[in-house]
Amino acid sequence: MVEWTDFERATIQDIFSKMDYESVGHNALARCLVVYPWTQRYFGKFGNLYNAAAIMGNPLVAAHGTTVLHGLDKALKNMDNIKAAYAELSVLHSEKLHVDPDNFRLLGDCLTIVVAAKLGSGFTADVQAAFQKFLAVVISALTKQYH
Amino acid sequence: MSLTSKDKNTIKGFWATVAPKAEDIGTDALSRMLVVYPQTKTYFSHWKDLSPGSAPVRKHGKTVMSGVAEAVSKIDDLTNGLLTLSELHAFQLRVDPANFKILSHNLLVVLAIQFPDDFTPEVHVAMDKFLSALALALSEKYR
């Protein structure tokens, strides 16, 4: 079981209580598709992803980014059993979506960078550590049901 | 995943904006690395103070960034341009190359914080490619 300090719990809840899901979700997913173009393999039905401008302006990308970011809400509400909370989503990503789990890390890195840009100096080293630990735990849970 | 001429132009252009704040950026990136990835502290057991923004961290952040600046100036042939630095890291410092990725990530985080408007997705991908190419050149002499 993952141990969370009071600082980590408070930091994570604070970041997400102030989160602009539409903006951050959109930007994180779009950035992932631009910076790691091979991730586009999962979005063949999203239409125009030909260049950065097309990706950033694509409404399907924007909507899906928001959906994915809200996927983290499950972890927020179940901090002490994230592994169990994501069992179903893990099966979905493995059996139905066939997503290489390395992509979770790539999206996580882009999300970290987008949140850093939003929070500016408020994204201190300690806040970054808490945020990255949270993402790592979620990613581990999402990878759990792969076989 | 080699650098296109578009990448190189993007990097040189962005670096002109970044260069004046290089020391602060290097200090912040290194500080974050030591906090967020505590295993990296093992390379600095000889420092008195490993806390964010401390004197040894600042001094070393400046050193690291001048290395990055050198890489920008030698962007057309990183492997040959960084041979001496590669030898230093391979034979003397013996830094596990996995750590280059860690420092690169923290550099990108700091760039996003310091330049929220300039660090667009296009600049991000060019910088990520550049730092990967830099890391590869630094690894050249390892084995």
# chains A, B, ... in the order shown; residues from 1 in each chain; ligands from 1

call {"tool": "select_by_dssp", "arguments": {"residues": "chain B", "states": "alpha helix (DSSP H)", "output": "PyMOL selection string"}}
result
chain B and resi 5-18+22-36+55-73+78-81+83-87+98-114+121-139

call {"tool": "interface_residues", "arguments": {"of": "chain A", "to": "chain B", "cutoff": "12 Å", "atoms": "only C-alpha atoms", "output": "ChimeraX atom specification"}}
result
/A:27-38,51-56,105-106,108-133

call {"tool": "write_last_selection", "arguments": {"atoms": "C-alpha atoms", "output": "compact mmCIF listing (two decimals), in the first residue's frame"}}
result
# COMPACT_ATOMS: atom_id res chain seq x y z
CA ASN A 27 -3.29 20.99 -23.50
CA ALA A 28 -1.77 17.89 -21.94
CA LEU A 29 -3.22 15.45 -24.49
CA ALA A 30 -2.49 17.76 -27.45
CA ARG A 31 1.07 18.29 -26.25
CA CYS A 32 1.52 14.52 -25.92
CA LEU A 33 0.37 14.01 -29.53
CA VAL A 34 2.80 16.72 -30.74
CA VAL A 35 5.84 15.85 -28.64
CA TYR A 36 5.47 12.06 -28.99
CA PRO A 37 3.81 11.70 -32.39
CA TRP A 38 3.69 7.90 -32.24
CA ASN A 51 0.59 19.28 -37.56
CA ALA A 52 0.81 20.97 -34.19
CA ALA A 53 -1.76 23.66 -35.09
CA ALA A 54 -4.27 21.03 -36.29
CA ILE A 55 -3.77 18.97 -33.14
CA MET A 56 -4.11 21.95 -30.80
CA ARG A 105 4.30 7.84 -18.64
CA LEU A 106 4.54 10.05 -21.74
CA GLY A 108 2.04 11.96 -17.39
CA ASP A 109 5.19 13.92 -18.31
CA CYS A 110 3.19 16.25 -20.56
CA LEU A 111 0.59 16.73 -17.81
CA THR A 112 3.36 17.62 -15.34
CA ILE A 113 4.71 20.23 -17.75
CA VAL A 114 1.28 21.78 -18.41
CA VAL A 115 0.47 21.94 -14.69
CA ALA A 116 3.94 23.42 -14.02
CA ALA A 117 3.33 26.16 -16.57
CA LYS A 118 -0.08 26.92 -14.99
CA LEU A 119 1.13 27.03 -11.38
CA GLY A 120 4.40 28.83 -12.14
CA SER A 121 6.50 29.43 -9.05
CA GLY A 122 3.81 27.66 -6.99
CA PHE A 123 4.98 24.40 -8.56
CA THR A 124 7.89 24.05 -6.16
CA ALA A 125 10.21 21.03 -6.08
CA ASP A 126 8.18 19.51 -3.19
CA VAL A 127 4.89 20.04 -5.04
CA GLN A 128 6.44 18.52 -8.18
CA ALA A 129 7.58 15.50 -6.16
CA ALA A 130 4.08 14.96 -4.73
CA PHE A 131 2.43 15.38 -8.12
CA GLN A 132 4.83 13.01 -9.90
CA LYS A 133 4.45 10.42 -7.12

call {"tool": "residues_around", "arguments": {"residues": "stretch 77-92 of chain A", "least_positions_apart": "2", "cutoff": "8 Å", "atoms": "only C-alpha atoms", "output": "list in words"}}
result
Met1, Val2, Glu3, Asp73, Lys74, Ala75, Ser94, Glu95, Lys96, Leu97, Val137, Val138, Ser140, Ala141, Leu142, Thr143, Lys144, Gln145 and Tyr146 of chain A

call {"tool": "atom_distance", "arguments": {"atom1": "atom CA of B:Asp7", "atom2": "atom CA of B:Ser73"}}
result
13.8 Å

call {"tool": "residues_around", "arguments": {"residues": "A:Gly47", "least_positions_apart": "3", "cutoff": "9 Å", "atoms": "only C-alpha atoms", "output": "mmCIF file with N, CA and C atoms, in the first residue's frame"}}
result
data_model
loop_
_atom_site.group_PDB
_atom_site.id
_atom_site.type_symbol
_atom_site.label_atom_id
_atom_site.label_comp_id
_atom_site.auth_asym_id
_atom_site.auth_seq_id
_atom_site.Cartn_x
_atom_site.Cartn_y
_atom_site.Cartn_z
ATOM 1 N N PHE A 43 -5.478 7.317 -32.114
ATOM 2 C CA PHE A 43 -6.515 8.307 -32.397
ATOM 3 C C PHE A 43 -6.781 8.444 -33.882
ATOM 4 N N GLY A 44 -6.809 7.313 -34.575
ATOM 5 C CA GLY A 44 -7.047 7.304 -36.014
ATOM 6 C C GLY A 44 -8.376 7.923 -36.393
ATOM 7 N N TYR A 50 -2.457 16.485 -38.534
ATOM 8 C CA TYR A 50 -1.290 16.572 -39.414
ATOM 9 C C TYR A 50 -0.150 17.420 -38.899
ATOM 10 N N ASN A 58 -7.942 20.746 -32.648
ATOM 11 C CA ASN A 58 -8.892 19.652 -32.887
ATOM 12 C C ASN A 58 -9.851 19.472 -31.704
ATOM 13 N N LEU A 60 -11.982 17.125 -31.004
ATOM 14 C CA LEU A 60 -12.047 15.767 -30.446
ATOM 15 C C LEU A 60 -10.899 15.547 -29.463
#

call {"tool": "residues_around", "arguments": {"residues": "stretch 74-78 of chain B", "least_positions_apart": "6", "cutoff": "8 Å", "atoms": "only C-alpha atoms", "output": "list in words"}}
result
Lys8, Ala133, Leu134 and Ala137 of chain B

call {"tool": "write_last_selection", "arguments": {"atoms": "N, CA and C atoms", "output": "PDB file, in the first residue's frame"}}
result
ATOM      1  N   LYS B   8      16.526  22.671 -35.416  1.00  0.00           N
ATOM      2  CA  LYS B   8      17.722  23.434 -35.031  1.00  0.00           C
ATOM      3  C   LYS B   8      17.417  24.928 -34.967  1.00  0.00           C
ATOM      4  N   ALA B 133      19.328  14.087 -27.971  1.00  0.00           N
ATOM      5  CA  ALA B 133      20.514  13.993 -28.829  1.00  0.00           C
ATOM      6  C   ALA B 133      21.762  14.355 -28.028  1.00  0.00           C
ATOM      7  N   LEU B 134      21.634  15.345 -27.149  1.00  0.00           N
ATOM      8  CA  LEU B 134      22.725  15.769 -26.281  1.00  0.00           C
ATOM      9  C   LEU B 134      23.132  14.609 -25.368  1.00  0.00           C
ATOM     10  N   ALA B 137      25.033  11.990 -27.271  1.00  0.00           N
ATOM     11  CA  ALA B 137      26.408  12.418 -27.526  1.00  0.00           C
ATOM     12  C   ALA B 137      27.253  12.288 -26.264  1.00  0.00           C
TER      13      ALA B 137
END

call {"tool": "atom_distance", "arguments": {"atom1": "atom CA of B:Leu138", "atom2": "atom CA of B:Ser66"}}
result
14.3 Å

call {"tool": "residues_around", "arguments": {"residues": "B:Val68", "least_positions_apart": "3", "cutoff": "10 Å", "atoms": "only C-alpha atoms", "output": "CSV table (one decimal) with N, CA, C and O atoms, in the first residue's frame"}}
result
chain,number,residue,atom,x,y,z
B,15,TRP,N,16.7,29.3,-27.5
B,15,TRP,CA,17.9,29.5,-26.7
B,15,TRP,C,18.3,31.0,-26.5
B,15,TRP,O,18.7,31.4,-25.4
B,19,ALA,N,19.0,32.0,-22.7
B,19,ALA,CA,20.3,32.2,-22.3
B,19,ALA,C,20.5,33.2,-21.2
B,19,ALA,O,21.3,32.9,-20.2
B,22,ALA,N,20.1,31.5,-17.9
B,22,ALA,CA,20.6,30.1,-17.9
B,22,ALA,C,21.0,29.7,-16.4
B,22,ALA,O,20.7,28.5,-16.1
B,26,GLY,N,19.4,26.5,-14.6
B,26,GLY,CA,20.2,25.3,-14.2
B,26,GLY,C,20.1,25.0,-12.8
B,26,GLY,O,19.9,23.9,-12.4
B,62,LYS,N,25.1,26.3,-13.0
B,62,LYS,CA,25.7,27.2,-14.0
B,62,LYS,C,26.7,26.4,-14.9
B,62,LYS,O,26.6,26.5,-16.1
B,63,THR,N,27.4,25.4,-14.3
B,63,THR,CA,28.3,24.6,-15.1
B,63,THR,C,27.5,23.8,-16.1
B,63,THR,O,27.9,23.7,-17.3
B,64,VAL,N,26.5,23.1,-15.6
B,64,VAL,CA,25.7,22.3,-16.5
B,64,VAL,C,25.1,23.1,-17.7
B,64,VAL,O,25.1,22.7,-18.8
B,65,MET,N,24.6,24.3,-17.4
B,65,MET,CA,24.0,25.1,-18.4
B,65,MET,C,25.0,25.6,-19.5
B,65,MET,O,24.7,25.8,-20.6
B,71,ALA,N,26.5,22.8,-26.4
B,71,ALA,CA,25.9,21.9,-27.3
B,71,ALA,C,25.0,22.6,-28.3
B,71,ALA,O,25.0,22.3,-29.5
B,72,VAL,N,24.4,23.7,-27.9
B,72,VAL,CA,23.6,24.5,-28.9
B,72,VAL,C,24.5,25.1,-30.0
B,72,VAL,O,24.2,25.0,-31.2
B,73,SER,N,25.7,25.5,-29.6
B,73,SER,CA,26.7,26.1,-30.6
B,73,SER,C,27.2,25.0,-31.5
B,73,SER,O,27.6,25.3,-32.6
B,74,LYS,N,27.2,23.7,-31.0
B,74,LYS,CA,27.7,22.6,-31.8
B,74,LYS,C,26.6,21.7,-32.3
B,74,LYS,O,26.8,20.5,-32.6
B,130,PHE,N,16.4,17.7,-28.8
B,130,PHE,CA,17.7,18.2,-28.7
B,130,PHE,C,18.4,17.6,-27.4
B,130,PHE,O,19.5,17.1,-27.4
B,131,LEU,N,17.7,17.6,-26.3
B,131,LEU,CA,18.2,17.1,-25.0
B,131,LEU,C,18.5,15.6,-25.1
B,131,LEU,O,19.5,15.1,-24.6
B,134,LEU,N,21.6,15.3,-27.1
B,134,LEU,CA,22.7,15.8,-26.3
B,134,LEU,C,23.1,14.6,-25.4
B,134,LEU,O,24.3,14.3,-25.2

call {"tool": "atom_distance", "arguments": {"atom1": "atom CA of B:Gln92", "atom2": "atom CA of B:Arg143"}}
result
13.4 Å

call {"tool": "residues_around", "arguments": {"residues": "stretch 21-25 of chain A", "least_positions_apart": "6", "cutoff": "6 Å", "atoms": "only C-alpha atoms", "output": "PyMOL selection string"}}
result
chain A and resi 65-66+69

call {"tool": "closest_residue", "arguments": {"among": "A:Leu135, A:His70, A:His98, A:Ala63", "to": "A:Met19", "atoms": "only C-alpha atoms"}}
result
A:His70

call {"tool": "decode", "arguments": {"residues": "stretch 70-120 of chain B", "atoms": "N, CA and C atoms", "output": "PDB file, in the first residue's frame"}}
result
ATOM      1  N   GLU B  70      27.080  25.128 -24.932  1.00  0.00           N
ATOM      2  CA  GLU B  70      28.097  24.617 -25.849  1.00  0.00           C
ATOM      3  C   GLU B  70      27.453  23.666 -26.865  1.00  0.00           C
ATOM      4  N   ALA B  71      26.541  22.834 -26.375  1.00  0.00           N
ATOM      5  CA  ALA B  71      25.854  21.894 -27.267  1.00  0.00           C
ATOM      6  C   ALA B  71      25.038  22.645 -28.323  1.00  0.00           C
ATOM      7  N   VAL B  72      24.396  23.739 -27.916  1.00  0.00           N
ATOM      8  CA  VAL B  72      23.615  24.530 -28.885  1.00  0.00           C
ATOM      9  C   VAL B  72      24.540  25.053 -29.981  1.00  0.00           C
ATOM     10  N   SER B  73      25.730  25.523 -29.585  1.00  0.00           N
ATOM     11  CA  SER B  73      26.656  26.081 -30.579  1.00  0.00           C
ATOM     12  C   SER B  73      27.207  24.984 -31.490  1.00  0.00           C
ATOM     13  N   LYS B  74      27.181  23.738 -31.028  1.00  0.00           N
ATOM     14  CA  LYS B  74      27.722  22.642 -31.833  1.00  0.00           C
ATOM     15  C   LYS B  74      26.616  21.717 -32.325  1.00  0.00           C
ATOM     16  N   ILE B  75      25.431  22.297 -32.488  1.00  0.00           N
ATOM     17  CA  ILE B  75      24.240  21.501 -32.768  1.00  0.00           C
ATOM     18  C   ILE B  75      24.342  20.714 -34.068  1.00  0.00           C
ATOM     19  N   ASP B  76      25.208  21.148 -34.984  1.00  0.00           N
ATOM     20  CA  ASP B  76      25.306  20.440 -36.258  1.00  0.00           C
ATOM     21  C   ASP B  76      26.133  19.165 -36.156  1.00  0.00           C
ATOM     22  N   ASP B  77      26.912  19.009 -35.091  1.00  0.00           N
ATOM     23  CA  ASP B  77      27.657  17.758 -34.900  1.00  0.00           C
ATOM     24  C   ASP B  77      27.901  17.564 -33.409  1.00  0.00           C
ATOM     25  N   LEU B  78      26.867  17.103 -32.737  1.00  0.00           N
ATOM     26  CA  LEU B  78      26.939  16.968 -31.281  1.00  0.00           C
ATOM     27  C   LEU B  78      27.948  15.897 -30.866  1.00  0.00           C
ATOM     28  N   THR B  79      27.975  14.783 -31.599  1.00  0.00           N
ATOM     29  CA  THR B  79      28.851  13.668 -31.204  1.00  0.00           C
ATOM     30  C   THR B  79      30.302  14.126 -31.126  1.00  0.00           C
ATOM     31  N   ASN B  80      30.772  14.752 -32.211  1.00  0.00           N
ATOM     32  CA  ASN B  80      32.166  15.206 -32.197  1.00  0.00           C
ATOM     33  C   ASN B  80      32.361  16.431 -31.319  1.00  0.00           C
ATOM     34  N   GLY B  81      31.381  17.318 -31.339  1.00  0.00           N
ATOM     35  CA  GLY B  81      31.496  18.547 -30.563  1.00  0.00           C
ATOM     36  C   GLY B  81      31.594  18.306 -29.066  1.00  0.00           C
ATOM     37  N   LEU B  82      30.965  17.221 -28.579  1.00  0.00           N
ATOM     38  CA  LEU B  82      30.923  16.986 -27.129  1.00  0.00           C
ATOM     39  C   LEU B  82      31.816  15.828 -26.688  1.00  0.00           C
ATOM     40  N   LEU B  83      32.804  15.471 -27.510  1.00  0.00           N
ATOM     41  CA  LEU B  83      33.685  14.337 -27.179  1.00  0.00           C
ATOM     42  C   LEU B  83      34.365  14.504 -25.823  1.00  0.00           C
ATOM     43  N   THR B  84      34.903  15.670 -25.561  1.00  0.00           N
ATOM     44  CA  THR B  84      35.610  15.903 -24.289  1.00  0.00           C
ATOM     45  C   THR B  84      34.650  15.745 -23.115  1.00  0.00           C
ATOM     46  N   LEU B  85      33.453  16.325 -23.243  1.00  0.00           N
ATOM     47  CA  LEU B  85      32.470  16.197 -22.169  1.00  0.00           C
ATOM     48  C   LEU B  85      32.051  14.745 -21.993  1.00  0.00           C
ATOM     49  N   SER B  86      31.972  14.030 -23.112  1.00  0.00           N
ATOM     50  CA  SER B  86      31.600  12.618 -23.028  1.00  0.00           C
ATOM     51  C   SER B  86      32.655  11.839 -22.266  1.00  0.00           C
ATOM     52  N   GLU B  87      33.925  12.124 -22.579  1.00  0.00           N
ATOM     53  CA  GLU B  87      35.012  11.441 -21.863  1.00  0.00           C
ATOM     54  C   GLU B  87      34.953  11.737 -20.367  1.00  0.00           C
ATOM     55  N   LEU B  88      34.688  12.985 -20.034  1.00  0.00           N
ATOM     56  CA  LEU B  88      34.570  13.383 -18.625  1.00  0.00           C
ATOM     57  C   LEU B  88      33.492  12.563 -17.919  1.00  0.00           C
ATOM     58  N   HIS B  89      32.295  12.486 -18.549  1.00  0.00           N
ATOM     59  CA  HIS B  89      31.175  11.781 -17.916  1.00  0.00           C
ATOM     60  C   HIS B  89      31.403  10.279 -17.883  1.00  0.00           C
ATOM     61  N   ALA B  90      32.089   9.756 -18.916  1.00  0.00           N
ATOM     62  CA  ALA B  90      32.288   8.308 -19.020  1.00  0.00           C
ATOM     63  C   ALA B  90      33.376   7.814 -18.081  1.00  0.00           C
ATOM     64  N   PHE B  91      34.509   8.506 -18.071  1.00  0.00           N
ATOM     65  CA  PHE B  91      35.679   7.964 -17.370  1.00  0.00           C
ATOM     66  C   PHE B  91      35.876   8.526 -15.974  1.00  0.00           C
ATOM     67  N   GLN B  92      35.487   9.783 -15.772  1.00  0.00           N
ATOM     68  CA  GLN B  92      35.701  10.360 -14.455  1.00  0.00           C
ATOM     69  C   GLN B  92      34.431  10.387 -13.622  1.00  0.00           C
ATOM     70  N   LEU B  93      33.384  10.996 -14.152  1.00  0.00           N
ATOM     71  CA  LEU B  93      32.163  11.150 -13.362  1.00  0.00           C
ATOM     72  C   LEU B  93      31.383   9.844 -13.263  1.00  0.00           C
ATOM     73  N   ARG B  94      31.423   9.088 -14.349  1.00  0.00           N
ATOM     74  CA  ARG B  94      30.709   7.806 -14.434  1.00  0.00           C
ATOM     75  C   ARG B  94      29.265   7.934 -13.984  1.00  0.00           C
ATOM     76  N   VAL B  95      28.593   8.922 -14.534  1.00  0.00           N
ATOM     77  CA  VAL B  95      27.166   9.108 -14.275  1.00  0.00           C
ATOM     78  C   VAL B  95      26.389   8.087 -15.093  1.00  0.00           C
ATOM     79  N   ASP B  96      25.502   7.330 -14.447  1.00  0.00           N
ATOM     80  CA  ASP B  96      24.657   6.397 -15.193  1.00  0.00           C
ATOM     81  C   ASP B  96      23.837   7.200 -16.208  1.00  0.00           C
ATOM     82  N   PRO B  97      23.906   6.836 -17.488  1.00  0.00           N
ATOM     83  CA  PRO B  97      23.218   7.621 -18.513  1.00  0.00           C
ATOM     84  C   PRO B  97      21.710   7.755 -18.309  1.00  0.00           C
ATOM     85  N   ALA B  98      21.116   6.881 -17.505  1.00  0.00           N
ATOM     86  CA  ALA B  98      19.672   7.014 -17.241  1.00  0.00           C
ATOM     87  C   ALA B  98      19.359   8.366 -16.606  1.00  0.00           C
ATOM     88  N   ASN B  99      20.361   8.916 -15.916  1.00  0.00           N
ATOM     89  CA  ASN B  99      20.144  10.192 -15.242  1.00  0.00           C
ATOM     90  C   ASN B  99      20.068  11.380 -16.191  1.00  0.00           C
ATOM     91  N   PHE B 100      20.598  11.231 -17.408  1.00  0.00           N
ATOM     92  CA  PHE B 100      20.508  12.332 -18.372  1.00  0.00           C
ATOM     93  C   PHE B 100      19.041  12.618 -18.668  1.00  0.00           C
ATOM     94  N   LYS B 101      18.243  11.512 -18.768  1.00  0.00           N
ATOM     95  CA  LYS B 101      16.818  11.672 -19.043  1.00  0.00           C
ATOM     96  C   LYS B 101      16.125  12.407 -17.900  1.00  0.00           C
ATOM     97  N   ILE B 102      16.553  12.068 -16.685  1.00  0.00           N
ATOM     98  CA  ILE B 102      15.935  12.679 -15.502  1.00  0.00           C
ATOM     99  C   ILE B 102      16.214  14.176 -15.482  1.00  0.00           C
ATOM    100  N   LEU B 103      17.474  14.559 -15.704  1.00  0.00           N
ATOM    101  CA  LEU B 103      17.799  15.986 -15.696  1.00  0.00           C
ATOM    102  C   LEU B 103      17.085  16.698 -16.851  1.00  0.00           C
ATOM    103  N   SER B 104      17.037  16.060 -18.017  1.00  0.00           N
ATOM    104  CA  SER B 104      16.341  16.661 -19.167  1.00  0.00           C
ATOM    105  C   SER B 104      14.896  16.972 -18.823  1.00  0.00           C
ATOM    106  N   HIS B 105      14.217  16.010 -18.192  1.00  0.00           N
ATOM    107  CA  HIS B 105      12.812  16.222 -17.810  1.00  0.00           C
ATOM    108  C   HIS B 105      12.682  17.442 -16.905  1.00  0.00           C
ATOM    109  N   ASN B 106      13.583  17.553 -15.922  1.00  0.00           N
ATOM    110  CA  ASN B 106      13.495  18.688 -15.003  1.00  0.00           C
ATOM    111  C   ASN B 106      13.822  20.007 -15.693  1.00  0.00           C
ATOM    112  N   LEU B 107      14.701  19.974 -16.689  1.00  0.00           N
ATOM    113  CA  LEU B 107      14.980  21.184 -17.467  1.00  0.00           C
ATOM    114  C   LEU B 107      13.719  21.625 -18.196  1.00  0.00           C
ATOM    115  N   LEU B 108      13.006  20.657 -18.787  1.00  0.00           N
ATOM    116  CA  LEU B 108      11.773  20.989 -19.507  1.00  0.00           C
ATOM    117  C   LEU B 108      10.715  21.568 -18.564  1.00  0.00           C
ATOM    118  N   VAL B 109      10.610  21.022 -17.360  1.00  0.00           N
ATOM    119  CA  VAL B 109       9.642  21.540 -16.372  1.00  0.00           C
ATOM    120  C   VAL B 109       9.967  23.000 -16.047  1.00  0.00           C
ATOM    121  N   VAL B 110      11.261  23.288 -15.833  1.00  0.00           N
ATOM    122  CA  VAL B 110      11.663  24.659 -15.491  1.00  0.00           C
ATOM    123  C   VAL B 110      11.408  25.600 -16.662  1.00  0.00           C
ATOM    124  N   LEU B 111      11.696  25.139 -17.879  1.00  0.00           N
ATOM    125  CA  LEU B 111      11.445  25.971 -19.063  1.00  0.00           C
ATOM    126  C   LEU B 111       9.951  26.291 -19.178  1.00  0.00           C
ATOM    127  N   ALA B 112       9.102  25.305 -18.879  1.00  0.00           N
ATOM    128  CA  ALA B 112       7.649  25.515 -18.943  1.00  0.00           C
ATOM    129  C   ALA B 112       7.215  26.556 -17.920  1.00  0.00           C
ATOM    130  N   ILE B 113       7.836  26.531 -16.740  1.00  0.00           N
ATOM    131  CA  ILE B 113       7.486  27.482 -15.682  1.00  0.00           C
ATOM    132  C   ILE B 113       7.986  28.878 -16.040  1.00  0.00           C
ATOM    133  N   GLN B 114       9.224  28.969 -16.534  1.00  0.00           N
ATOM    134  CA  GLN B 114       9.835  30.275 -16.797  1.00  0.00           C
ATOM    135  C   GLN B 114       9.321  30.927 -18.081  1.00  0.00           C
ATOM    136  N   PHE B 115       8.940  30.120 -19.044  1.00  0.00           N
ATOM    137  CA  PHE B 115       8.531  30.662 -20.347  1.00  0.00           C
ATOM    138  C   PHE B 115       7.191  30.062 -20.777  1.00  0.00           C
ATOM    139  N   PRO B 116       6.119  30.294 -19.987  1.00  0.00           N
ATOM    140  CA  PRO B 116       4.852  29.610 -20.269  1.00  0.00           C
ATOM    141  C   PRO B 116       4.298  29.912 -21.660  1.00  0.00           C
ATOM    142  N   ASP B 117       4.584  31.112 -22.184  1.00  0.00           N
ATOM    143  CA  ASP B 117       4.059  31.451 -23.516  1.00  0.00           C
ATOM    144  C   ASP B 117       4.985  30.981 -24.636  1.00  0.00           C
ATOM    145  N   ASP B 118       6.307  31.041 -24.414  1.00  0.00           N
ATOM    146  CA  ASP B 118       7.243  30.653 -25.474  1.00  0.00           C
ATOM    147  C   ASP B 118       7.414  29.142 -25.587  1.00  0.00           C
ATOM    148  N   PHE B 119       7.213  28.428 -24.472  1.00  0.00           N
ATOM    149  CA  PHE B 119       7.436  26.976 -24.479  1.00  0.00           C
ATOM    150  C   PHE B 119       6.209  26.268 -25.045  1.00  0.00           C
ATOM    151  N   THR B 120       5.978  26.535 -26.327  1.00  0.00           N
ATOM    152  CA  THR B 120       4.834  25.951 -27.043  1.00  0.00           C
ATOM    153  C   THR B 120       5.103  24.460 -27.283  1.00  0.00           C
TER     154      THR B 120
END
